[in-house]
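Data block below; observations after.
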Amino acid sequence: MTESTSPKIAPSDQPPETITTPGTYDPATLEPRWRQLWDNAGLDHADIDESREGRFVLTMLPYPSGDLHIGHWYAMVPGDARARYLRMRGYNVMFPMGFDAFGLPAENAAIKHNINPRTWTLSNVERMRDQLKTMGAMFDWRREMVSCEPEYYRWTQWFFLQLFKGEQAYRKYSPVDWCPSCNTTLAREQVVGDDRRCERCGTPVIKRELEQWFFRTTDYAEELLDFSSIDWPERVKVLQENWIGRSEGAHVVFRTEQGDELPVFTTRPDTLWGATFMVLAPEHPLVESLTTDAQRPAIEEYIEQATRQTDVQRESADREKTGVFTGSYALNPVTGERIPIWIADYVLMTYGSGAIMAVPAHDQRDFEFARQFGLEIRIVIHPAGEDPPSADQLEEAAIGKGVMVNSGPLTGTASDVALGEVLDYLERESIGERAVNYRLRDWLISRQRYWGAPIPIIHCPNCGAVPVPEEDLPVELPLEVDWQPTGESPLKLHPTWSKATCPECGDEGTRETDTMDTFMCSSWYHLRYLSPRYDQGPFDPAEYDYWMPVSTYTGGIEHATMHLIYTRYFHKACRDLGILQGDEPMAQLRNQGIILGEDSEKMSKSRGNVVAPDELVGEYGTDTVRAFLMFFARWEQGGPWSSGGIEGCSRWLRRTWNLLTGEPSQKAGDASPQRLKELRRKVHQTVESITRDYERFEFNTTISSMMELLNEMSRAREAGAEGSEEWREAVSYYLRLLAPAAPYVAEELWQRTEAFENWSPAHSVHHQLWPEYDPEAAAEDEITLVIQVNGKVRDRIAVRAEISREDAQRLALASEAVGRYLDGEPRKVIYVPGRLVNIVP
RNA sequence: GCGAAAGUGGCGAAAUUGGUAUACGCGCUAGAUUUAGGAUCUAGUCCCGGAAACGGGGUGGGGGUUCGAGUCCCCCCUUUCGCACCA
């Protein structure tokens with residue numbers, strides 16, 4: 001049985017294969033040979049097959065930075081093992097791979113090495129594709145997409161046009177970080193230091209307003225909060241909820257003394273009578289006209305320094321409040337009082353209306369501001385039955401509940417009804433109305449960059465922003481471009497590219513030179529996998545119907561709020577345009593943890609703790625690296641790498657090899673029926689637990705269960721199990737259970753033990769069915785009954801598994817050990833079938 | 001500050017979801033084997049006492065629920081992650 005006959009593994013167009021020497025596990029020759037055989041035979045191709053249920057298994061695509069990192073392996077290998085498991089369960093599994101190929105690093109490389117970003121990117125793609133192939137994953141490379149290829153971004157542009165026509169795209173002025181010396185926009189990572197300087201020339205960065213493109217993600221804020229139809233981690237749902245940031249309250253319209261409307265959003269309309277001043281964001285459009293001449297120098301200076309700061313700096317907590325009085329006043333709409341209007345950087349233009357009513361008695365920030373500048377504090381909510389203190393006595397804002405005081409007609413209203421009463425009052429008096437506000441902003445998709453998908457718009461002096469006709473797509477990036485060391489987009493500098501005729505009136509216009517955010521490319525890449533070369537649309541509807549939605553999506557938690565909100569928005573918006581079906585793109589999401597360096601620090605070149613997968617593959621082989629990545633930590637948690645730990649997985653696979661290729665034991669055939677039954681039990685118990693573990697993404701325990709089974713098989717072999725039907729089943733099951741984790745060695749040993757004459761995909765272990773689990777075979781016929789006295793273990797006795805309650809209790813009470821702790825009749829006896837008897841004295 | 005998750009041997013970690021705590025692996029100890037080894041095999045390895053049988057203790061700390069708690073509840077400590085002047 002274990003005698004290894006050399007299988008004739010040679011497809012017609014291959015030279016005869018050298019068979020590895022029996023007795024020696026040599027992944028370095030075995031793995032590439034199988035890879036080639038599989039690739040030649042198209043073993044991992046996934047095509048529509050109506051006889052089987054499809055499963056679209058997706059893992060987040062990499063950015064082609066140049067080298068595949070161990071983190072990529074950690075993200076992809078367990079997902080691959082699970083995809084392989086699903087395929088063996090009989091599903092038709094598609095597991096595609098591609099590259100998120102637009103982005104800033106390619107431009108940096110272009111400037112630094114005077115190389116076109118496309119050349120740089122595609123050579124990285126090629127390198128990483130080869131590295132990905134050593135991973136032993138079941139990627140169907142026919143379905144690969146590369147987002148920087150015109151055949152891909154043609155459809156990214158097409159989607160933009162659909163969203164534009166569906167009124168989801170619009171233009172507005174929005175600030176960017178700008179280097180006045182380089183004369184270019186800077187990305188966040190190009191602004192360095194606390195004093196915010198350009199990373200190239202060191203010039204202090206300023207804000208500049210540019211007209212940019214947005215998508216109306218806020219239209220979908222409410223629907224994006226609904227996760228009821230998807231199985232996503234709680235953690236991600238909470239992150240998205242916080243990101244969307246829904247709050248209920250009221251829009252209240254204040255008026256300036258000059259008569260301008262000054263709307264605010266408040267979650268506490270019940271404190272409206274205590275609004276003693278207003279604060280505007282320094283960027284607020286009314287600041288200019290509200291500023292009096294006397295205040296103008298101070299205001300201008302304040303705006304200057306406030307807008308130089310990052311949002312992060314402005315938002316950093318426990319900073320002393322700063323601000324300047326505009327010199328103007330507004331009228332409190334319920335009291336009619338004049339209240340001063342200030343500006344301060346703690347009010348953000350990007351949230352609400354960019355203006356607040358300040359209620360210093362009941363909001364901590366407003367309280368601190370009022371104390372800082374000597375503004376009036378008026379208590380309007382106070383616990384019933386007490387006299388309100390004077391405002392001077394307050395040490396902090398009173399944010400608690402109480403009864404409304406000093407609140408005109410609503411004085412005396414208790415806080416549990418106040419909100420509703422106040423809202424009714426405001427609506428009745430036409431002062432304000434109920435409103436929901438979101439933290440979520442519309443999605444800014446414009447980038448003043450070369451290396452992205454051009455926004456397919458022509459600006460015409462007569463017709464405005466006109467979409468490029470679909471038949472003219474793609475709007476291709478010019479390849480002959482000049483790079484300024486400043487990083488200014490070559491699209492703006494190009495002599496001819498931006499010249500275009502208006503599709504509507506035929507006059508001369510100019511192309512939009514902004515390109516799209518790369519999150520736009522990654523919002524729909526999963527759809528391109530369906531049919532990467534389809535040219536009648538972004539995807540073939542037949543493929544969509546068969547595969548979508550994505551059944552499992554895996555990737556890092558860091559994408560919880562950006563990519564994963566954008567792709568959900570994108571799907572929903574396209575659904576409403578009739579392009580897609582279903583409410584959600586990804587039915588199930590799971591996140592892997594982070595793999596750290598051996599020193600428990602984040603891996604980085606400067607720390608010198610980077611683990612290179614290529615080196616590991618050279619030393620141990622792909623199967624060992626895969627197994628260890630699955631084994632060493634809980635996948636969703638991650639943890640530090642251990643160079644010693646990988647030896648354990650290496651040993652395990654070598655022991656597997658030796659067990660199944662060695663000479664038969666001299667005791668073969670000696671095993672007792674009872675011993676063989678025990679072997680079979682362990683086999684079936686292992687099938688059960690590994691099946692459960694794959695369903696739950698608990699990859700570490702799939703490997704430890706395999707190790708346990710190997711240990712049991714070694715012992716059974718010593719006892720003479722070889723030659724039996726039970727042994728044959730154990731080997732067959734073992735190799736099929738091994739296949740998802742260690743695909744190469746499992747295939748090699750499968751061919752040997754099955755003794756096929758020739759290899760074909762139908763013979764591949766990867767096209768076998770997952771072992772059937774027989775609960776009867778897995779059931780223990782003898783169990784250890786634990787005898788407890790008062791919850792403490794006092795004895796253990798071996799009994800038949802089907803022992804009756806009466807017998808178990810009788811045996812327990814008869815136990816000598818129990819006698820030592822029990823004085824007289826027990827008060828109570830608890831029996832847990834198959835487990836224990838607990839005697840309460 | 002708010003939110004989420006976690007805390008178990010020397011280390012990475014298991015624990016069928018309330019029922020024998022520490023499976024599996026690393027490391028370590030002893031032995032076997034080998035020219036040698038960081039190779040392979042066997043045995044041992046939570047702590048204290050004991051030659052052993054056995055006894056006592058034990059899952060960050062404190063309380064609670066329960067016949068029974070690593071697991072559930074409350075309080076505290078620590079760590080990690082996310083969000084943060086959100087009106």
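Chains: A, B, ... in order of the structure tokens. Residues: from 1 per chain. Ligands: from 1, in order shown.
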
Exercise. May I have all residues of range 488-645 of chain A that DSSP, computed from the backbone, assigns to helix (DSSP H, G or I), given as number ranges by chain?
Key: A: 490-493, 518-521, 525-529, 541-547, 557-559, 563-576, 613-620, 622-631, 645

Practice problem: When you get a sec, could you note down which chain A residues fall within 6 Å of chain B, using only C-alpha atoms (C1' of nucleotides), as number ranges by chain? | Solution: A: 266, 315, 346, 356, 645, 648, 704, 791

Pull C-alpha atoms from the residues just selected and write them as a PDB file, in the first residue's frame.
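The file below, selection_13.pdb, is the result:
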```
ATOM      1  CA  THR A 266     -28.273  71.087  16.654  1.00  0.00           C
ATOM      2  CA  GLU A 315      -9.451  68.548  15.842  1.00  0.00           C
ATOM      3  CA  TYR A 346     -13.244  74.203  16.586  1.00  0.00           C
ATOM      4  CA  ILE A 356     -23.171  76.502  15.444  1.00  0.00           C
ATOM      5  CA  GLY A 645       7.749  27.883  14.900  1.00  0.00           C
ATOM      6  CA  GLY A 648       7.165  22.527  13.480  1.00  0.00           C
ATOM      7  CA  SER A 704      -3.427  21.151  14.658  1.00  0.00           C
ATOM      8  CA  GLY A 791     -17.940  20.786  41.299  1.00  0.00           C
TER       9      GLY A 791
END
```

Exercise. For G70 in chain B, please output as number ranges by chain all residues within 12 Å (counting only C-alpha atoms (C1' of nucleotides); exclusion window: fewer than 3 positions along the same chain).
Key: B: 7-8, 14-15, 17-18, 21-22, 58-60

Selected residues, N, CA, C and O atoms (P, O5', C5', C4', C3', O3' and C1' of nucleotides), written as a PDB file, in the first residue's frame, please.
```pdb
ATOM      1  P     G B   7      -8.545  36.523  25.681  1.00  0.00           P
ATOM      2  O5'   G B   7      -7.368  37.158  26.553  1.00  0.00           O
ATOM      3  C5'   G B   7      -6.009  36.979  26.162  1.00  0.00           C
ATOM      4  C4'   G B   7      -5.111  37.754  27.108  1.00  0.00           C
ATOM      5  C3'   G B   7      -4.933  37.094  28.470  1.00  0.00           C
ATOM      6  O3'   G B   7      -3.565  37.159  28.858  1.00  0.00           O
ATOM      7  C1'   G B   7      -5.739  39.315  28.725  1.00  0.00           C
ATOM      8  P     U B   8      -2.652  35.927  28.480  1.00  0.00           P
ATOM      9  O5'   U B   8      -3.437  34.682  29.073  1.00  0.00           O
ATOM     10  C5'   U B   8      -3.563  34.518  30.480  1.00  0.00           C
ATOM     11  C4'   U B   8      -3.910  33.093  30.790  1.00  0.00           C
ATOM     12  C3'   U B   8      -2.800  32.096  30.496  1.00  0.00           C
ATOM     13  O3'   U B   8      -1.913  32.025  31.603  1.00  0.00           O
ATOM     14  C1'   U B   8      -4.858  31.283  29.638  1.00  0.00           C
ATOM     15  P     A B  14      -6.238  30.193  19.324  1.00  0.00           P
ATOM     16  O5'   A B  14      -6.404  28.639  19.437  1.00  0.00           O
ATOM     17  C5'   A B  14      -7.083  28.132  20.493  1.00  0.00           C
ATOM     18  C4'   A B  14      -7.119  26.654  20.388  1.00  0.00           C
ATOM     19  C3'   A B  14      -8.402  26.125  20.984  1.00  0.00           C
ATOM     20  O3'   A B  14      -9.351  25.943  19.967  1.00  0.00           O
ATOM     21  C1'   A B  14      -6.565  25.193  22.122  1.00  0.00           C
ATOM     22  P     A B  15     -10.804  26.612  20.192  1.00  0.00           P
ATOM     23  O5'   A B  15     -11.346  25.856  21.482  1.00  0.00           O
ATOM     24  C5'   A B  15     -11.517  24.446  21.450  1.00  0.00           C
ATOM     25  C4'   A B  15     -11.804  23.939  22.840  1.00  0.00           C
ATOM     26  C3'   A B  15     -12.900  24.687  23.584  1.00  0.00           C
ATOM     27  O3'   A B  15     -14.170  24.203  23.225  1.00  0.00           O
ATOM     28  C1'   A B  15     -11.028  24.402  24.991  1.00  0.00           C
ATOM     29  P     U B  17     -21.060  23.353  21.658  1.00  0.00           P
ATOM     30  O5'   U B  17     -21.392  24.907  21.529  1.00  0.00           O
ATOM     31  C5'   U B  17     -22.196  25.476  22.524  1.00  0.00           C
ATOM     32  C4'   U B  17     -21.327  26.128  23.593  1.00  0.00           C
ATOM     33  C3'   U B  17     -21.933  27.441  24.115  1.00  0.00           C
ATOM     34  O3'   U B  17     -21.579  27.562  25.507  1.00  0.00           O
ATOM     35  C1'   U B  17     -19.789  27.850  23.239  1.00  0.00           C
ATOM     36  P     G B  18     -22.440  28.588  26.411  1.00  0.00           P
ATOM     37  O5'   G B  18     -21.888  28.362  27.880  1.00  0.00           O
ATOM     38  C5'   G B  18     -20.500  28.168  28.130  1.00  0.00           C
ATOM     39  C4'   G B  18     -20.314  27.143  29.224  1.00  0.00           C
ATOM     40  C3'   G B  18     -21.079  25.844  28.988  1.00  0.00           C
ATOM     41  O3'   G B  18     -20.359  24.747  29.531  1.00  0.00           O
ATOM     42  C1'   G B  18     -21.678  26.732  31.035  1.00  0.00           C
ATOM     43  P     A B  21     -10.815  20.277  35.274  1.00  0.00           P
ATOM     44  O5'   A B  21     -10.229  21.316  34.227  1.00  0.00           O
ATOM     45  C5'   A B  21      -8.954  21.089  33.705  1.00  0.00           C
ATOM     46  C4'   A B  21      -8.842  21.776  32.377  1.00  0.00           C
ATOM     47  C3'   A B  21      -7.461  21.679  31.756  1.00  0.00           C
ATOM     48  O3'   A B  21      -7.353  20.489  31.003  1.00  0.00           O
ATOM     49  C1'   A B  21      -8.191  23.929  31.729  1.00  0.00           C
ATOM     50  P     U B  22      -5.970  19.745  30.806  1.00  0.00           P
ATOM     51  O5'   U B  22      -5.143  20.763  29.932  1.00  0.00           O
ATOM     52  C5'   U B  22      -5.533  21.044  28.571  1.00  0.00           C
ATOM     53  C4'   U B  22      -4.696  22.170  28.050  1.00  0.00           C
ATOM     54  C3'   U B  22      -3.215  21.851  27.936  1.00  0.00           C
ATOM     55  O3'   U B  22      -2.985  21.276  26.652  1.00  0.00           O
ATOM     56  C1'   U B  22      -3.579  24.018  28.890  1.00  0.00           C
ATOM     57  P     G B  58      -7.375  28.645  43.442  1.00  0.00           P
ATOM     58  O5'   G B  58      -6.630  28.759  42.050  1.00  0.00           O
ATOM     59  C5'   G B  58      -5.664  29.790  41.841  1.00  0.00           C
ATOM     60  C4'   G B  58      -4.922  29.536  40.556  1.00  0.00           C
ATOM     61  C3'   G B  58      -5.786  29.544  39.296  1.00  0.00           C
ATOM     62  O3'   G B  58      -5.983  30.874  38.849  1.00  0.00           O
ATOM     63  C1'   G B  58      -4.329  27.680  39.257  1.00  0.00           C
ATOM     64  P     U B  59      -7.341  31.246  38.067  1.00  0.00           P
ATOM     65  O5'   U B  59      -6.871  31.213  36.551  1.00  0.00           O
ATOM     66  C5'   U B  59      -5.693  31.917  36.140  1.00  0.00           C
ATOM     67  C4'   U B  59      -5.754  32.173  34.652  1.00  0.00           C
ATOM     68  C3'   U B  59      -6.848  33.141  34.225  1.00  0.00           C
ATOM     69  O3'   U B  59      -6.345  33.939  33.169  1.00  0.00           O
ATOM     70  C1'   U B  59      -7.097  31.103  33.074  1.00  0.00           C
ATOM     71  P     G B  60      -6.960  35.430  32.999  1.00  0.00           P
ATOM     72  O5'   G B  60      -6.207  36.310  34.074  1.00  0.00           O
ATOM     73  C5'   G B  60      -4.795  36.475  33.992  1.00  0.00           C
ATOM     74  C4'   G B  60      -4.392  37.700  34.751  1.00  0.00           C
ATOM     75  C3'   G B  60      -5.230  37.976  35.997  1.00  0.00           C
ATOM     76  O3'   G B  60      -4.791  37.226  37.113  1.00  0.00           O
ATOM     77  C1'   G B  60      -5.074  39.938  34.711  1.00  0.00           C
TER      78        G B  60
END
```

Exercise. Please identify all polymer residues within 12 Å of range 28-40 of chain B, counting only C-alpha atoms (C1' of nucleotides), omitting same-chain residues fewer than 4 positions from it, and present them as an NGL selection string.
Key: (:A and (644 or 647 or 651 or 654-655 or 658)) or (:B and (10-11 or 44-45))

Take the residues just selected and output them with C-alpha atoms (C1' of nucleotides) as an mmCIF file, in the first residue's frame.
```
data_model
loop_
_atom_site.group_PDB
_atom_site.id
_atom_site.type_symbol
_atom_site.label_atom_id
_atom_site.label_comp_id
_atom_site.auth_asym_id
_atom_site.auth_seq_id
_atom_site.Cartn_x
_atom_site.Cartn_y
_atom_site.Cartn_z
ATOM 1 C CA GLY A 644 11.421 28.669 15.190
ATOM 2 C CA GLU A 647 10.144 24.240 11.911
ATOM 3 C CA ARG A 651 8.577 18.582 10.482
ATOM 4 C CA ARG A 654 8.169 15.607 6.425
ATOM 5 C CA ARG A 655 6.637 13.159 8.902
ATOM 6 C CA ASN A 658 7.807 9.580 5.619
ATOM 7 C "C1'" G B 10 8.930 29.824 29.393
ATOM 8 C "C1'" C B 11 6.546 31.153 24.066
ATOM 9 C "C1'" G B 44 8.799 14.021 30.309
ATOM 10 C "C1'" U B 45 7.453 19.244 30.781
#
```

Who sits within 9 Å of Thr501 in chain A, only C-alpha atoms (C1' of nucleotides), same chain under 2 positions skipped, as a PDB file with N, CA and C atoms, in the first residue's frame:
```
ATOM      1  N   ILE A 458     -15.390  66.872 -21.192  1.00  0.00           N
ATOM      2  CA  ILE A 458     -14.812  67.958 -21.979  1.00  0.00           C
ATOM      3  C   ILE A 458     -15.484  69.259 -21.541  1.00  0.00           C
ATOM      4  N   CYS A 460     -16.565  72.822 -22.240  1.00  0.00           N
ATOM      5  CA  CYS A 460     -16.853  73.605 -23.436  1.00  0.00           C
ATOM      6  C   CYS A 460     -17.256  75.006 -23.004  1.00  0.00           C
ATOM      7  N   LYS A 499      -6.628  69.309 -25.664  1.00  0.00           N
ATOM      8  CA  LYS A 499      -7.466  69.943 -26.693  1.00  0.00           C
ATOM      9  C   LYS A 499      -8.513  68.944 -27.191  1.00  0.00           C
ATOM     10  N   PRO A 503     -18.477  67.609 -27.813  1.00  0.00           N
ATOM     11  CA  PRO A 503     -19.357  66.639 -28.475  1.00  0.00           C
ATOM     12  C   PRO A 503     -20.733  67.205 -28.754  1.00  0.00           C
ATOM     13  N   GLU A 504     -21.094  68.302 -28.104  1.00  0.00           N
ATOM     14  CA  GLU A 504     -22.435  68.843 -28.299  1.00  0.00           C
ATOM     15  C   GLU A 504     -22.472  69.933 -29.359  1.00  0.00           C
ATOM     16  N   CYS A 505     -21.561  70.914 -29.279  1.00  0.00           N
ATOM     17  CA  CYS A 505     -21.653  72.029 -30.214  1.00  0.00           C
ATOM     18  C   CYS A 505     -20.514  72.062 -31.218  1.00  0.00           C
ATOM     19  N   GLY A 506     -19.486  71.242 -31.002  1.00  0.00           N
ATOM     20  CA  GLY A 506     -18.413  71.164 -31.973  1.00  0.00           C
ATOM     21  C   GLY A 506     -17.357  72.253 -31.836  1.00  0.00           C
ATOM     22  N   ASP A 507     -17.567  73.167 -30.881  1.00  0.00           N
ATOM     23  CA  ASP A 507     -16.560  74.197 -30.624  1.00  0.00           C
ATOM     24  C   ASP A 507     -15.348  73.595 -29.934  1.00  0.00           C
ATOM     25  N   GLU A 508     -14.285  74.349 -29.922  1.00  0.00           N
ATOM     26  CA  GLU A 508     -13.087  73.886 -29.245  1.00  0.00           C
ATOM     27  C   GLU A 508     -13.282  73.926 -27.727  1.00  0.00           C
ATOM     28  N   GLY A 509     -12.968  72.795 -27.073  1.00  0.00           N
ATOM     29  CA  GLY A 509     -13.052  72.753 -25.618  1.00  0.00           C
ATOM     30  C   GLY A 509     -11.768  72.170 -25.050  1.00  0.00           C
ATOM     31  N   THR A 510     -11.759  71.965 -23.752  1.00  0.00           N
ATOM     32  CA  THR A 510     -10.585  71.356 -23.137  1.00  0.00           C
ATOM     33  C   THR A 510     -11.002  70.139 -22.321  1.00  0.00           C
ATOM     34  N   ARG A 511     -10.117  69.156 -22.364  1.00  0.00           N
ATOM     35  CA  ARG A 511     -10.389  67.968 -21.561  1.00  0.00           C
ATOM     36  C   ARG A 511     -10.199  68.263 -20.083  1.00  0.00           C
TER      37      ARG A 511
END
```

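Restricting the calculation to only C-alpha atoms, the smallest distance between Pro740 in chain A and any of A:Phe756, A:Tyr173, A:Trp141, A:Tyr85 is found for A:Tyr85.
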
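From CA of Tyr620 in chain A back to CA of Tyr744 in chain A, the distance works out to 12.8 Å.
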
Quiz prompt | Close residues, G62 in chain B itself excluded, 12 Å, only C-alpha atoms (C1' of nucleotides), min 5 positions apart in chain, as a list in words | solution = C74, C75, C76 and C77 of chain B

Please provide as a PDB file with C-alpha atoms, in the first residue's frame all residues within 7 Å of Gln364 in chain A, with the sequence filter that same-chain residues fewer than 3 positions apart are discarded (counting only C-alpha atoms (C1' of nucleotides)).
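As a result, result-v1.pdb now contains:
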```pdb
ATOM      1  CA  PRO A 360     -22.142  77.365  26.904  1.00  0.00           C
ATOM      2  CA  PHE A 367     -18.479  76.417  27.880  1.00  0.00           C
ATOM      3  CA  GLU A 368     -14.700  76.545  27.555  1.00  0.00           C
ATOM      4  CA  GLU A 396     -18.260  72.526  33.564  1.00  0.00           C
ATOM      5  CA  ALA A 397     -21.130  72.328  31.133  1.00  0.00           C
TER       6      ALA A 397
END
```

Practice problem: Can you work out which one of A:Ile377, A:Met548, A:Leu239, A:Ile206 has the shortest atom-to-atom distance to Ala306 in chain A, counting only C-alpha atoms? | Solution: A:Ile206

Exercise. Name the residues of range 592-770 of chain A that fall into strand (DSSP E or B) according to DSSP on the backbone, using the chain letters and numbers of this document, as a PyMOL selection string.
Key: chain A and resi 592+594-596+638-640+758

C-alpha atoms of the current selection, written as a PDB file, in the first residue's frame:
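Done, and the output landed in part-v3.pdb:
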```pdb
ATOM      1  CA  GLN A 592      -7.303  38.965   8.758  1.00  0.00           C
ATOM      2  CA  ILE A 594      -1.613  41.859  10.945  1.00  0.00           C
ATOM      3  CA  ILE A 595       1.522  39.759  10.860  1.00  0.00           C
ATOM      4  CA  LEU A 596       4.264  41.435  12.870  1.00  0.00           C
ATOM      5  CA  GLY A 638      -2.486  37.954  13.634  1.00  0.00           C
ATOM      6  CA  GLY A 639       0.675  38.274  15.681  1.00  0.00           C
ATOM      7  CA  PRO A 640       4.447  38.134  15.562  1.00  0.00           C
ATOM      8  CA  ASN A 758      -1.246   8.926 -15.630  1.00  0.00           C
TER       9      ASN A 758
END
```

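The interatomic distance for the pair CA of Asp392 in chain A and CA of Asp416 in chain A works out to 27.0 Å.
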